[in-house]
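Chemist: Got upload.pdb for you, PDB, C-alpha atoms:
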```
MODEL        1
ATOM      1  CA  MET A 239      23.081 -17.211 -90.383
ATOM      2  CA  PHE A 240      24.029 -18.932 -87.172
ATOM      3  CA  VAL A 241      24.177 -17.481 -83.609
ATOM      4  CA  GLU A 242      26.876 -18.857 -81.420
ATOM      5  CA  ILE A 243      25.650 -19.723 -77.944
ATOM      6  CA  ALA A 244      28.226 -19.831 -75.164
ATOM      7  CA  PRO A 245      28.237 -23.039 -73.207
ATOM      8  CA  PRO A 246      27.186 -22.814 -69.522
ATOM      9  CA  THR A 247      29.973 -22.439 -67.014
ATOM     10  CA  LEU A 248      30.291 -23.725 -63.457
ATOM     11  CA  ALA A 249      30.507 -20.176 -62.043
ATOM     12  CA  GLU A 250      26.878 -19.346 -62.804
ATOM     13  CA  PRO A 251      25.236 -22.035 -60.605
ATOM     14  CA  ALA A 252      27.581 -21.099 -57.725
ATOM     15  CA  ALA A 253      26.656 -17.421 -58.035
ATOM     16  CA  ALA A 254      22.947 -18.262 -58.119
ATOM     17  CA  THR A 255      23.298 -20.419 -55.020
ATOM     18  CA  ALA A 256      25.128 -17.653 -53.196
ATOM     19  CA  ALA A 257      22.441 -15.127 -54.189
ATOM     20  CA  ARG A 258      19.700 -17.419 -52.961
ATOM     21  CA  ALA A 259      21.539 -17.975 -49.667
ATOM     22  CA  THR A 260      21.955 -14.226 -49.204
ATOM     23  CA  THR A 261      18.259 -13.662 -49.898
ATOM     24  CA  THR A 262      17.324 -16.398 -47.408
ATOM     25  CA  ARG A 263      19.534 -14.873 -44.724
ATOM     26  CA  ARG A 264      18.019 -11.457 -45.291
ATOM     27  CA  ARG A 265      14.494 -12.867 -45.045
ATOM     28  CA  SER A 266      15.431 -14.754 -41.861
ATOM     29  CA  ALA A 267      16.944 -11.595 -40.391
ATOM     30  CA  ARG A 268      13.812  -9.609 -41.245
ATOM     31  CA  GLY A 269      11.633 -12.343 -39.708
ATOM     32  CA  ILE A 270      13.677 -12.389 -36.529
ATOM     33  CA  GLY A 271      13.552  -8.593 -36.453
ATOM     34  CA  ARG A 272       9.764  -8.660 -36.726
ATOM     35  CA  VAL A 273       9.504 -11.234 -33.932
ATOM     36  CA  LEU A 274      11.841  -9.254 -31.698
ATOM     37  CA  GLY A 275      10.002  -6.064 -32.568
ATOM     38  CA  ARG A 276       6.657  -7.575 -31.591
ATOM     39  CA  GLY A 277       8.187  -8.916 -28.367
ATOM     40  CA  ALA A 278       9.674  -5.549 -27.484
ATOM     41  CA  VAL A 279       6.417  -3.603 -27.932
ATOM     42  CA  PRO A 280       4.977  -4.458 -24.475
ATOM     43  CA  TYR A 281       8.243  -3.439 -22.808
ATOM     44  CA  LEU A 282       8.196  -0.148 -24.683
ATOM     45  CA  TYR A 283       4.754   0.546 -23.207
ATOM     46  CA  LEU A 284       6.043  -0.409 -19.752
ATOM     47  CA  ALA A 285       9.253   1.604 -20.087
ATOM     48  CA  PRO A 286       7.871   4.906 -18.644
ATOM     49  CA  ALA A 287       6.397   3.160 -15.590
ATOM     50  CA  LEU A 288       9.536   1.075 -15.088
ATOM     51  CA  GLY A 289      11.644   4.196 -15.377
ATOM     52  CA  LEU A 290       9.594   5.918 -12.674
ATOM     53  CA  LEU A 291       9.879   2.844 -10.450
ATOM     54  CA  VAL A 292      13.639   2.828 -10.835
ATOM     55  CA  VAL A 293      13.970   6.568 -10.170
ATOM     56  CA  TRP A 294      11.488   6.940  -7.301
ATOM     57  CA  ILE A 295      11.425   3.482  -5.663
ATOM     58  CA  TYR A 296      14.415   1.244  -6.350
ATOM     59  CA  ARG A 297      17.096   3.933  -6.440
ATOM     60  CA  PRO A 298      16.018   5.432  -3.066
ATOM     61  CA  LEU A 299      15.909   1.920  -1.579
ATOM     62  CA  VAL A 300      19.471   1.267  -2.683
ATOM     63  CA  GLU A 301      20.621   4.646  -1.376
ATOM     64  CA  THR A 302      18.859   4.055   1.932
ATOM     65  CA  ALA A 303      20.567   0.703   2.341
ATOM     66  CA  ASN A 304      23.882   2.392   1.566
ATOM     67  CA  TYR A 305      23.379   5.255   4.049
ATOM     68  CA  SER A 306      22.518   2.772   6.809
ATOM     69  CA  PHE A 307      26.235   1.933   7.067
ATOM     70  CA  TYR A 308      27.283   5.570   7.507
ATOM     71  CA  SER A 309      27.007   8.330  10.078
ATOM     72  CA  TRP A 310      25.843  11.543   8.432
ATOM     73  CA  ASN A 311      23.983  14.669   9.531
ATOM     74  CA  LEU A 312      22.501  15.480   6.078
ATOM     75  CA  SER A 313      24.829  18.455   5.646
ATOM     76  CA  PRO A 314      26.318  18.717   2.131
ATOM     77  CA  THR A 315      29.560  20.036   3.605
ATOM     78  CA  THR A 316      29.969  17.169   6.076
ATOM     79  CA  PRO A 317      31.226  13.862   4.660
ATOM     80  CA  ALA A 318      29.527  10.613   5.626
ATOM     81  CA  THR A 319      31.618   8.453   7.965
ATOM     82  CA  PRO A 320      31.488   4.649   7.620
ATOM     83  CA  VAL A 321      30.329   2.977  10.848
ATOM     84  CA  GLY A 322      29.616  -0.572   9.678
ATOM     85  CA  TRP A 323      26.718  -2.270  11.457
ATOM     86  CA  HIS A 324      26.647   0.207  14.360
ATOM     87  CA  ASN A 325      23.401   1.850  13.206
ATOM     88  CA  PHE A 326      21.623  -1.513  13.083
ATOM     89  CA  HIS A 327      22.863  -2.287  16.594
ATOM     90  CA  ARG A 328      21.348   0.986  17.779
ATOM     91  CA  VAL A 329      18.024   0.159  16.089
ATOM     92  CA  PHE A 330      17.729  -3.086  18.068
ATOM     93  CA  THR A 331      18.867  -1.595  21.375
ATOM     94  CA  LEU A 332      17.222   1.839  21.575
ATOM     95  CA  PRO A 333      14.119   1.606  23.801
ATOM     96  CA  GLU A 334      12.097   4.151  21.825
ATOM     97  CA  VAL A 335      12.261   1.921  18.754
ATOM     98  CA  GLY A 336      10.568  -0.961  20.562
ATOM     99  CA  ASP A 337       7.997   1.395  22.071
ATOM    100  CA  SER A 338       7.163   2.846  18.649
ATOM    101  CA  VAL A 339       6.718  -0.650  17.215
ATOM    102  CA  LEU A 340       4.239  -1.502  19.981
ATOM    103  CA  ARG A 341       2.328   1.736  19.352
ATOM    104  CA  THR A 342       2.234   0.983  15.627
ATOM    105  CA  VAL A 343       0.804  -2.478  16.305
ATOM    106  CA  LEU A 344      -1.754  -0.924  18.667
ATOM    107  CA  MET A 345      -2.760   1.648  16.048
ATOM    108  CA  ILE A 346      -3.203  -1.104  13.465
ATOM    109  CA  GLY A 347      -5.391  -3.056  15.889
ATOM    110  CA  LEU A 348      -7.512   0.032  16.602
ATOM    111  CA  LEU A 349      -7.917   0.711  12.874
ATOM    112  CA  LEU A 350      -9.050  -2.807  11.945
ATOM    113  CA  PRO A 351     -12.667  -2.240  13.101
ATOM    114  CA  PHE A 352     -12.849   0.808  10.790
ATOM    115  CA  THR A 353     -11.339  -0.993   7.807
ATOM    116  CA  ILE A 354     -12.880  -4.464   8.157
ATOM    117  CA  VAL A 355     -15.664  -4.892  10.737
ATOM    118  CA  ILE A 356     -17.697  -1.712  10.184
ATOM    119  CA  PRO A 357     -17.307  -1.831   6.357
ATOM    120  CA  ILE A 358     -18.723  -5.374   6.326
ATOM    121  CA  VAL A 359     -21.776  -4.271   8.305
ATOM    122  CA  VAL A 360     -22.263  -1.123   6.222
ATOM    123  CA  GLY A 361     -21.695  -3.021   2.972
ATOM    124  CA  LEU A 362     -24.266  -5.669   3.869
ATOM    125  CA  LEU A 363     -26.802  -3.067   4.951
ATOM    126  CA  SER A 364     -26.225  -0.952   1.843
ATOM    127  CA  ARG A 365     -27.398  -3.859  -0.319
ATOM    128  CA  GLU A 366     -30.876  -3.138   0.998
ATOM    129  CA  VAL A 367     -30.712   0.379  -0.462
ATOM    130  CA  ARG A 368     -31.939   0.437  -4.063
ATOM    131  CA  GLY A 369     -31.561   2.760  -7.020
ATOM    132  CA  ARG A 370     -29.870   6.118  -6.892
ATOM    133  CA  ALA A 371     -30.170   6.229  -3.123
ATOM    134  CA  ARG A 372     -27.415   3.624  -2.903
ATOM    135  CA  THR A 373     -25.074   5.829  -4.946
ATOM    136  CA  VAL A 374     -25.821   8.837  -2.740
ATOM    137  CA  TYR A 375     -25.384   6.687   0.357
ATOM    138  CA  GLN A 376     -21.971   5.398  -0.774
ATOM    139  CA  ALA A 377     -20.880   8.878  -1.846
ATOM    140  CA  LEU A 378     -21.652  10.278   1.603
ATOM    141  CA  ILE A 379     -19.634   7.500   3.243
ATOM    142  CA  PHE A 380     -16.736   7.942   0.825
ATOM    143  CA  ALA A 381     -16.614  11.754   1.172
ATOM    144  CA  PRO A 382     -14.265  11.865   4.225
ATOM    145  CA  PHE A 383     -11.642   9.954   2.240
ATOM    146  CA  LEU A 384     -11.422  12.890  -0.175
ATOM    147  CA  VAL A 385     -10.638  15.434   2.546
ATOM    148  CA  ALA A 386      -6.966  16.396   2.780
ATOM    149  CA  PRO A 387      -5.444  15.144   6.059
ATOM    150  CA  VAL A 388      -4.121  18.579   7.056
ATOM    151  CA  ALA A 389      -7.511  20.213   6.423
ATOM    152  CA  SER A 390      -9.326  17.538   8.419
ATOM    153  CA  ALA A 391      -6.733  17.909  11.194
ATOM    154  CA  ALA A 392      -7.558  21.608  11.491
ATOM    155  CA  VAL A 393     -11.281  20.856  11.798
ATOM    156  CA  TRP A 394     -10.744  18.045  14.283
ATOM    157  CA  GLU A 395      -8.436  20.208  16.382
ATOM    158  CA  TRP A 396     -11.305  22.674  16.724
ATOM    159  CA  ILE A 397     -13.751  19.857  17.546
ATOM    160  CA  LEU A 398     -11.436  18.338  20.180
ATOM    161  CA  THR A 399     -10.459  21.597  21.910
ATOM    162  CA  PRO A 400     -10.691  20.908  25.681
ATOM    163  CA  GLY A 401     -12.706  23.942  26.786
ATOM    164  CA  SER A 402     -14.828  25.092  23.869
ATOM    165  CA  GLY A 403     -14.626  22.040  21.633
ATOM    166  CA  VAL A 404     -17.805  20.683  20.099
ATOM    167  CA  LEU A 405     -17.220  17.134  21.366
ATOM    168  CA  ASN A 406     -16.777  18.039  25.022
ATOM    169  CA  ARG A 407     -19.687  20.483  24.943
ATOM    170  CA  ALA A 408     -21.984  17.917  23.294
ATOM    171  CA  THR A 409     -21.031  15.062  25.627
ATOM    172  CA  GLY A 410     -20.400  17.014  28.817
ATOM    173  CA  LEU A 411     -16.905  15.528  29.115
ATOM    174  CA  LYS A 412     -13.794  17.384  30.230
ATOM    175  CA  VAL A 413     -11.172  15.425  28.331
ATOM    176  CA  ASN A 414      -8.049  16.979  26.850
ATOM    177  CA  TRP A 415      -8.196  14.781  23.775
ATOM    178  CA  LEU A 416      -4.888  15.746  22.177
ATOM    179  CA  HIS A 417      -2.725  16.248  25.284
ATOM    180  CA  GLU A 418      -3.427  13.100  27.313
ATOM    181  CA  ARG A 419      -1.795   9.794  26.467
ATOM    182  CA  VAL A 420      -4.744   7.455  25.895
ATOM    183  CA  PRO A 421      -7.199  10.074  24.486
ATOM    184  CA  ALA A 422      -4.533  11.307  22.059
ATOM    185  CA  LEU A 423      -3.928   7.798  20.711
ATOM    186  CA  LEU A 424      -7.675   7.161  20.419
ATOM    187  CA  SER A 425      -8.189  10.524  18.720
ATOM    188  CA  ILE A 426      -5.549   9.879  16.041
ATOM    189  CA  THR A 427      -6.797   6.384  15.232
ATOM    190  CA  GLY A 428     -10.423   7.510  15.347
ATOM    191  CA  ILE A 429      -9.840  10.322  12.851
ATOM    192  CA  VAL A 430      -7.879   8.051  10.524
ATOM    193  CA  GLY A 431     -10.556   5.371  10.816
ATOM    194  CA  TRP A 432     -13.232   7.938   9.959
ATOM    195  CA  GLN A 433     -11.298   8.913   6.836
ATOM    196  CA  MET A 434     -10.537   5.346   5.721
ATOM    197  CA  LEU A 435     -14.044   4.009   6.364
ATOM    198  CA  GLY A 436     -15.402   5.201   3.025
ATOM    199  CA  PHE A 437     -12.587   3.579   1.063
ATOM    200  CA  ALA A 438     -13.046   0.281   2.892
ATOM    201  CA  VAL A 439     -16.828   0.344   2.393
ATOM    202  CA  LEU A 440     -16.424   0.810  -1.362
ATOM    203  CA  VAL A 441     -13.938  -2.067  -1.514
ATOM    204  CA  VAL A 442     -16.347  -4.322   0.409
ATOM    205  CA  ALA A 443     -19.232  -3.223  -1.831
ATOM    206  CA  ALA A 444     -17.182  -4.139  -4.904
ATOM    207  CA  GLY A 445     -16.383  -7.520  -3.363
ATOM    208  CA  LEU A 446     -20.046  -8.173  -2.599
ATOM    209  CA  ALA A 447     -21.027  -7.191  -6.136
ATOM    210  CA  SER A 448     -18.611  -9.776  -7.554
ATOM    211  CA  ILE A 449     -20.285 -12.639  -5.665
ATOM    212  CA  ASN A 450     -22.797 -14.565  -7.741
ATOM    213  CA  GLY A 451     -26.286 -14.137  -6.302
ATOM    214  CA  ASP A 452     -27.276 -17.649  -7.332
ATOM    215  CA  TYR A 453     -25.529 -19.051  -4.263
ATOM    216  CA  ALA A 454     -27.774 -17.158  -1.843
ATOM    217  CA  GLU A 455     -30.865 -18.067  -3.862
ATOM    218  CA  ALA A 456     -29.916 -21.741  -3.829
ATOM    219  CA  ALA A 457     -29.296 -21.572  -0.081
ATOM    220  CA  SER A 458     -32.693 -19.953   0.518
ATOM    221  CA  VAL A 459     -34.352 -22.699  -1.536
ATOM    222  CA  ASP A 460     -32.667 -25.247   0.717
ATOM    223  CA  GLY A 461     -34.120 -23.497   3.767
ATOM    224  CA  ALA A 462     -31.171 -21.390   4.896
ATOM    225  CA  SER A 463     -31.927 -18.101   6.609
ATOM    226  CA  ARG A 464     -30.402 -14.818   5.475
ATOM    227  CA  TRP A 465     -27.955 -14.874   8.364
ATOM    228  CA  GLN A 466     -26.913 -18.448   7.557
ATOM    229  CA  ALA A 467     -26.374 -17.554   3.887
ATOM    230  CA  THR A 468     -24.316 -14.532   4.924
ATOM    231  CA  ARG A 469     -22.295 -16.499   7.479
ATOM    232  CA  TRP A 470     -21.555 -19.591   5.408
ATOM    233  CA  LEU A 471     -21.586 -18.232   1.842
ATOM    234  CA  THR A 472     -21.148 -14.468   1.572
ATOM    235  CA  LEU A 473     -18.404 -13.944   4.149
ATOM    236  CA  PRO A 474     -16.209 -16.870   2.965
ATOM    237  CA  LEU A 475     -16.498 -15.677  -0.641
ATOM    238  CA  LEU A 476     -15.659 -12.165   0.560
ATOM    239  CA  SER A 477     -12.441 -13.371   2.219
ATOM    240  CA  PRO A 478     -10.078 -12.241  -0.620
ATOM    241  CA  THR A 479     -11.435  -8.700  -0.259
ATOM    242  CA  LEU A 480     -11.042  -8.815   3.518
ATOM    243  CA  VAL A 481      -7.466 -10.074   3.212
ATOM    244  CA  PHE A 482      -6.740  -7.175   0.856
ATOM    245  CA  LEU A 483      -8.125  -4.708   3.406
ATOM    246  CA  LEU A 484      -6.111  -6.374   6.179
ATOM    247  CA  LEU A 485      -2.950  -6.158   4.106
ATOM    248  CA  THR A 486      -3.654  -2.530   3.236
ATOM    249  CA  THR A 487      -4.254  -1.621   6.871
ATOM    250  CA  VAL A 488      -1.106  -3.324   8.120
ATOM    251  CA  LEU A 489       1.138  -1.800   5.471
ATOM    252  CA  LEU A 490      -0.347   1.699   5.254
ATOM    253  CA  ALA A 491      -1.608   2.476   8.766
ATOM    254  CA  GLY A 492       1.586   4.324   9.635
ATOM    255  CA  THR A 493       1.426   6.352   6.432
ATOM    256  CA  TRP A 494      -2.208   7.266   7.048
ATOM    257  CA  THR A 495      -1.570   8.428  10.615
ATOM    258  CA  PHE A 496       1.628  10.396   9.943
ATOM    259  CA  PRO A 497       0.026  13.679   8.684
ATOM    260  CA  LEU A 498      -2.366  13.796  11.637
ATOM    261  CA  ILE A 499       0.355  13.010  14.164
ATOM    262  CA  ASP A 500       2.612  15.694  12.728
ATOM    263  CA  THR A 501      -0.217  18.248  12.669
ATOM    264  CA  LEU A 502      -2.079  17.537  15.907
ATOM    265  CA  THR A 503       0.259  15.941  18.459
ATOM    266  CA  GLN A 504       3.839  15.989  17.078
ATOM    267  CA  GLY A 505       4.226  12.500  18.523
ATOM    268  CA  GLY A 506       3.124  13.501  22.039
ATOM    269  CA  PRO A 507       2.128  13.664  24.687
ATOM    270  CA  VAL A 508       5.231  11.890  26.044
ATOM    271  CA  ASN A 509       5.604   9.992  22.727
ATOM    272  CA  ALA A 510       2.142   8.468  23.168
ATOM    273  CA  THR A 511       1.390   8.822  19.429
ATOM    274  CA  THR A 512       4.897   8.277  18.033
ATOM    275  CA  ASN A 513       4.738   5.331  15.657
ATOM    276  CA  ILE A 514       7.615   3.947  13.602
ATOM    277  CA  TYR A 515       7.043   6.307  10.672
ATOM    278  CA  TYR A 516       7.085   9.400  12.856
ATOM    279  CA  LEU A 517      10.122   8.042  14.696
ATOM    280  CA  LEU A 518      11.960   7.661  11.381
ATOM    281  CA  TRP A 519      11.062  11.262  10.541
ATOM    282  CA  ASN A 520      12.375  12.378  13.933
ATOM    283  CA  TYR A 521      15.654  10.567  13.423
ATOM    284  CA  GLY A 522      16.143  11.902   9.929
ATOM    285  CA  PHE A 523      14.816  15.469  10.072
ATOM    286  CA  LYS A 524      14.883  16.472  13.741
ATOM    287  CA  SER A 525      17.946  14.702  15.069
ATOM    288  CA  PHE A 526      19.633  14.795  11.643
ATOM    289  CA  ASP A 527      20.893  11.240  12.128
ATOM    290  CA  ALA A 528      20.504   9.982   8.579
ATOM    291  CA  GLY A 529      22.392   6.750   9.201
ATOM    292  CA  LEU A 530      20.157   5.674  12.077
ATOM    293  CA  ALA A 531      17.018   6.663  10.168
ATOM    294  CA  ALA A 532      18.187   4.691   7.127
ATOM    295  CA  ALA A 533      19.033   1.625   9.207
ATOM    296  CA  ALA A 534      15.639   1.718  10.942
ATOM    297  CA  GLY A 535      13.960   2.155   7.561
ATOM    298  CA  VAL A 536      15.746  -0.902   6.175
ATOM    299  CA  VAL A 537      14.776  -3.009   9.198
ATOM    300  CA  PHE A 538      11.123  -1.951   9.039
ATOM    301  CA  PHE A 539      11.036  -2.453   5.266
ATOM    302  CA  VAL A 540      12.250  -6.037   5.640
ATOM    303  CA  ALA A 541       9.820  -6.664   8.503
ATOM    304  CA  PHE A 542       6.788  -5.352   6.633
ATOM    305  CA  THR A 543       7.824  -7.281   3.532
ATOM    306  CA  GLY A 544       7.842 -10.454   5.613
ATOM    307  CA  VAL A 545       4.427  -9.621   7.060
ATOM    308  CA  ALA A 546       3.053  -8.984   3.565
ATOM    309  CA  LEU A 547       4.414 -12.298   2.284
ATOM    310  CA  VAL A 548       2.848 -14.149   5.215
ATOM    311  CA  LEU A 549      -0.532 -12.492   4.622
ATOM    312  CA  VAL A 550      -0.401 -13.287   0.904
ATOM    313  CA  TRP A 551       0.467 -16.899   1.727
ATOM    314  CA  LEU A 552      -2.429 -17.122   4.189
ATOM    315  CA  SER A 553      -4.710 -15.603   1.564
ATOM    316  CA  ASP A 554      -3.773 -18.294  -0.937
ATOM    317  CA  ARG A 555      -4.312 -21.007   1.652
ATOM    318  CA  LEU A 556      -7.428 -19.811   3.479
ATOM    319  CA  ALA A 557      -9.359 -17.513   1.153
ATOM    320  CA  PHE A 558     -12.300 -18.796  -0.897
ATOM    321  CA  HIS A 559     -12.685 -17.766  -4.508
ATOM    322  CA  ASP A 560     -15.808 -17.713  -6.666
ATOM    323  CA  ASN A 561     -14.453 -19.643  -9.647
TER     324      ASN A 561
ENDMDL
END
```
For this file, produce the structure as structure tokens.

Modeler:
Amino acid sequence: MFVEIAPPTLAEPAAATAARATTTRRRSARGIGRVLGRGAVPYLYLAPALGLLVVWIYRPLVETANYSFYSWNLSPTTPATPVGWHNFHRVFTLPEVGDSVLRTVLMIGLLLPFTIVIPIVVGLLSREVRGRARTVYQALIFAPFLVAPVASAAVWEWILTPGSGVLNRATGLKVNWLHERVPALLSITGIVGWQMLGFAVLVVAAGLASINGDYAEAASVDGASRWQATRWLTLPLLSPTLVFLLLTTVLLAGTWTFPLIDTLTQGGPVNATTNIYYLLWNYGFKSFDAGLAAAAGVVFFVAFTGVALVLVWLSDRLAFHDN
């Protein structure tokens, strides 16, 4: 009995080749999908934060830049009127804008001792405190930073009251701290400096802790005194931390002082405590000139961005790093 076997045809190898090609393409597609999936995972984790940045940072910036070319009183029933570059012309010609910039620079200069000089001294002295006492010591210094600005303003208003205030009674002075030009400016910056001192001290302490102690030991072996080791080793290696504090002070001084100005002096007396942030608030929410406020905000945003870039560049060029 014989079984007839059909001869092979040319269609079968072609079909097998096509099947293998299809399988290869599917495997390649799955491989590419896995690679793309792994690459997309970090962005999926970042998506919530990026979404918040877009909603709360970038979108308001774009809208602010747009409103700077309009005249609008913030009323929903009043349409915004295009005015071109007129608002920017007003920003550069109004005298109160220049005065507020000078006051802002003065406030930053008055805050620098509280955010750089005093924290360095306190941070160096706190290294002599050992054990749990150091933690208690740092906690006591940091405590004012945790006080809400409005609550601290209420306490300081009671302390600085001209007639029955604790400060005048303790010192025998008769100064109206919140209603005279120079005392009001010193009071605002002093209160803000008192609040920010704890934060700056902790930052300096963290910077000192990151410096390798072998450098100071090697310097002492070579005959260097403690002051010489601090001057020529510790402070240069602490420079990145100090640049960070300088950058923070320059960029955030206006934000720190705004709640106290609004609570204690309302920008007075005679605009003596009106900085650029409070001036923007006045334009937007007292004068209801949204276009001018937006234009001033854009100008100050660009200016502070330039200052930040310069400070970062100086940090890269001048700061020492413990590598």

Chemist: Hey, which of A:Leu299, A:Val292, A:Ala462, A:Ala381 ends up closest to A:Val536? Count only C-alpha atoms.

Modeler: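 Selected residue with least distance to A:Val536: A:Leu299.
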
Chemist: Between atom CA of A:Ala318 and atom CA of A:Val300, what is the distance, to one decimal in Å?

Modeler: 16.0 Å

Chemist: Looking at A:Ala532, A:Leu363, A:Met345, A:Val279, which one is nearest to A:Ala510, with distances taken over only C-alpha atoms?

Modeler: A:Met345

Chemist: If you measure from atom CA of A:Lys412 to atom CA of A:Ile397, what distance in Å do you get, rounded to one decimal?

Modeler: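 Atom CA of A:Ile397 lies at a distance of 12.9 Å from atom CA of A:Lys412.
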
Chemist: Quick one: residues within 12 Å of A:Phe482, only C-alpha atoms, excluding same-chain residues fewer than 5 positions away - as a list in words?

Modeler: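 After dropping sequence-adjacent residues, the list is Thr353, Ile354, Ala438, Val441, Val442, Gly445, Leu476, Ser477, Thr487, Val488, Leu489, Leu490, Ala546, Leu549, Val550, Leu552, Ser553, Asp554 and Ala557 of chain A.
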
Chemist: Pick out the closest residue to A:Thr479 from this set: A:Leu291, A:Pro286, A:Leu440, A:Pro320. Count only C-alpha atoms.

Modeler: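 Of A:Leu291, A:Pro286, A:Leu440, A:Pro320, the one nearest A:Thr479, counting only C-alpha atoms, is A:Leu440.
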
Chemist: With distances taken over all atoms listed in the file, which residue among A:Asn509, A:Leu348, A:Glu455, A:Asn325 lies nearest A:Trp310?

Modeler: A:Asn325

Chemist: Nearest to A:Gly535: which of A:Ser309, A:Gly410, A:Ala386, A:Phe326 is it, counting only C-alpha atoms?

Modeler: A:Phe326

Chemist: Hey, can you check how far atom CA of A:Ala371 sits from atom CA of A:Trp432?

Modeler: 21.5 Å

Chemist: Evaluate the PyMOL selection byres ((chain A and resi 448) around 12) on the structure here and hand back the selected residues as a list of chain:residue names.

Modeler: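 Residues picked by the PyMOL selection byres ((chain A and resi 448) around 12): A:Val441, A:Val442, A:Ala443, A:Ala444, A:Gly445, A:Leu446, A:Ala447, A:Ile449, A:Asn450, A:Gly451, A:Asp452, A:Thr472, A:Leu475, A:Leu476, A:Pro478, A:Thr479, A:His559, A:Asp560, A:Asn561.
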
Chemist: Dump as a list in words all residues having an atom at most 8 Å from (28.8, 3.8, 11.6), computed in the file's coordinates with all atoms listed in the file.

Modeler: Ser306, Phe307, Tyr308, Ser309, Thr319, Pro320, Val321, Gly322, Trp323, His324, Asn325 and Gly529 of chain A

Chemist: Would you write out those residues with C-alpha atoms, as a CSV table (one decimal), in the frame of the given file?

Modeler:
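Output (out10.csv):
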```
chain,number,residue,atom,x,y,z
A,306,SER,CA,22.5,2.8,6.8
A,307,PHE,CA,26.2,1.9,7.1
A,308,TYR,CA,27.3,5.6,7.5
A,309,SER,CA,27.0,8.3,10.1
A,319,THR,CA,31.6,8.5,8.0
A,320,PRO,CA,31.5,4.6,7.6
A,321,VAL,CA,30.3,3.0,10.8
A,322,GLY,CA,29.6,-0.6,9.7
A,323,TRP,CA,26.7,-2.3,11.5
A,324,HIS,CA,26.6,0.2,14.4
A,325,ASN,CA,23.4,1.8,13.2
A,529,GLY,CA,22.4,6.8,9.2
```

Chemist: Ranking A:Tyr305, A:Phe496, A:Phe539, A:Tyr283 by minimum distance to A:Asn520 and counting only C-alpha atoms, which one comes first?

Modeler: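 Using only C-alpha atoms, A:Asn520 sits closest to A:Phe496.
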
Chemist: Can you tell me, as a PyMOL selection string, which residues sit within 12 Å of (6.9, -5.1, 9.8) in the file's frame, using only C-alpha atoms?

Modeler: chain A and resi 338-340+342-343+346+485+488-492+514-515+534-549

Chemist: Kindly list the centre and edge lengths in Å, rounded to one decimal, for the axis-aligned box that covers all listed atoms of stretch 454-467 of chain A plus 6 Å on each of its six sides, as lines of an AutoDock Vina configuration file.

Modeler:
```
center_x = -30.4
center_y = -20.0
center_z = 2.3
size_x = 20.0
size_y = 22.4
size_z = 24.2
```

Chemist: Run the PyMOL selection byres ((chain A and resi 364) around 12) mentally over the shown coordinates, then write out the matched residues as a PDB file with C-alpha atoms, in the coordinates of the input, using the chain letters and numbers from the document.

Modeler:
```pdb
ATOM      1  CA  ILE A 356     -17.697  -1.712  10.184  1.00  0.00           C
ATOM      2  CA  PRO A 357     -17.307  -1.831   6.357  1.00  0.00           C
ATOM      3  CA  ILE A 358     -18.723  -5.374   6.326  1.00  0.00           C
ATOM      4  CA  VAL A 359     -21.776  -4.271   8.305  1.00  0.00           C
ATOM      5  CA  VAL A 360     -22.263  -1.123   6.222  1.00  0.00           C
ATOM      6  CA  GLY A 361     -21.695  -3.021   2.972  1.00  0.00           C
ATOM      7  CA  LEU A 362     -24.266  -5.669   3.869  1.00  0.00           C
ATOM      8  CA  LEU A 363     -26.802  -3.067   4.951  1.00  0.00           C
ATOM      9  CA  ARG A 365     -27.398  -3.859  -0.319  1.00  0.00           C
ATOM     10  CA  GLU A 366     -30.876  -3.138   0.998  1.00  0.00           C
ATOM     11  CA  VAL A 367     -30.712   0.379  -0.462  1.00  0.00           C
ATOM     12  CA  ARG A 368     -31.939   0.437  -4.063  1.00  0.00           C
ATOM     13  CA  GLY A 369     -31.561   2.760  -7.020  1.00  0.00           C
ATOM     14  CA  ARG A 370     -29.870   6.118  -6.892  1.00  0.00           C
ATOM     15  CA  ALA A 371     -30.170   6.229  -3.123  1.00  0.00           C
ATOM     16  CA  ARG A 372     -27.415   3.624  -2.903  1.00  0.00           C
ATOM     17  CA  THR A 373     -25.074   5.829  -4.946  1.00  0.00           C
ATOM     18  CA  VAL A 374     -25.821   8.837  -2.740  1.00  0.00           C
ATOM     19  CA  TYR A 375     -25.384   6.687   0.357  1.00  0.00           C
ATOM     20  CA  GLN A 376     -21.971   5.398  -0.774  1.00  0.00           C
ATOM     21  CA  ALA A 377     -20.880   8.878  -1.846  1.00  0.00           C
ATOM     22  CA  ILE A 379     -19.634   7.500   3.243  1.00  0.00           C
ATOM     23  CA  VAL A 439     -16.828   0.344   2.393  1.00  0.00           C
ATOM     24  CA  LEU A 440     -16.424   0.810  -1.362  1.00  0.00           C
ATOM     25  CA  VAL A 442     -16.347  -4.322   0.409  1.00  0.00           C
ATOM     26  CA  ALA A 443     -19.232  -3.223  -1.831  1.00  0.00           C
ATOM     27  CA  ALA A 444     -17.182  -4.139  -4.904  1.00  0.00           C
ATOM     28  CA  LEU A 446     -20.046  -8.173  -2.599  1.00  0.00           C
ATOM     29  CA  ALA A 447     -21.027  -7.191  -6.136  1.00  0.00           C
TER      30      ALA A 447
END
```

Chemist: Tell me which protein, DNA and RNA residues are within 9 Å of A:Leu423, counting all atoms listed in the file, leaving out same-chain ones fewer than 5 positions away, and put them as a ChimeraX atom specification.

Modeler: /A:341,345,415-416,418,428,510-511

Chemist: Specify as a PyMOL selection string each residue included when the PyMOL selection byres ((chain A and resi 383) around 9) is applied to this file.

Modeler: chain A and resi 379-382+384-387+432-437
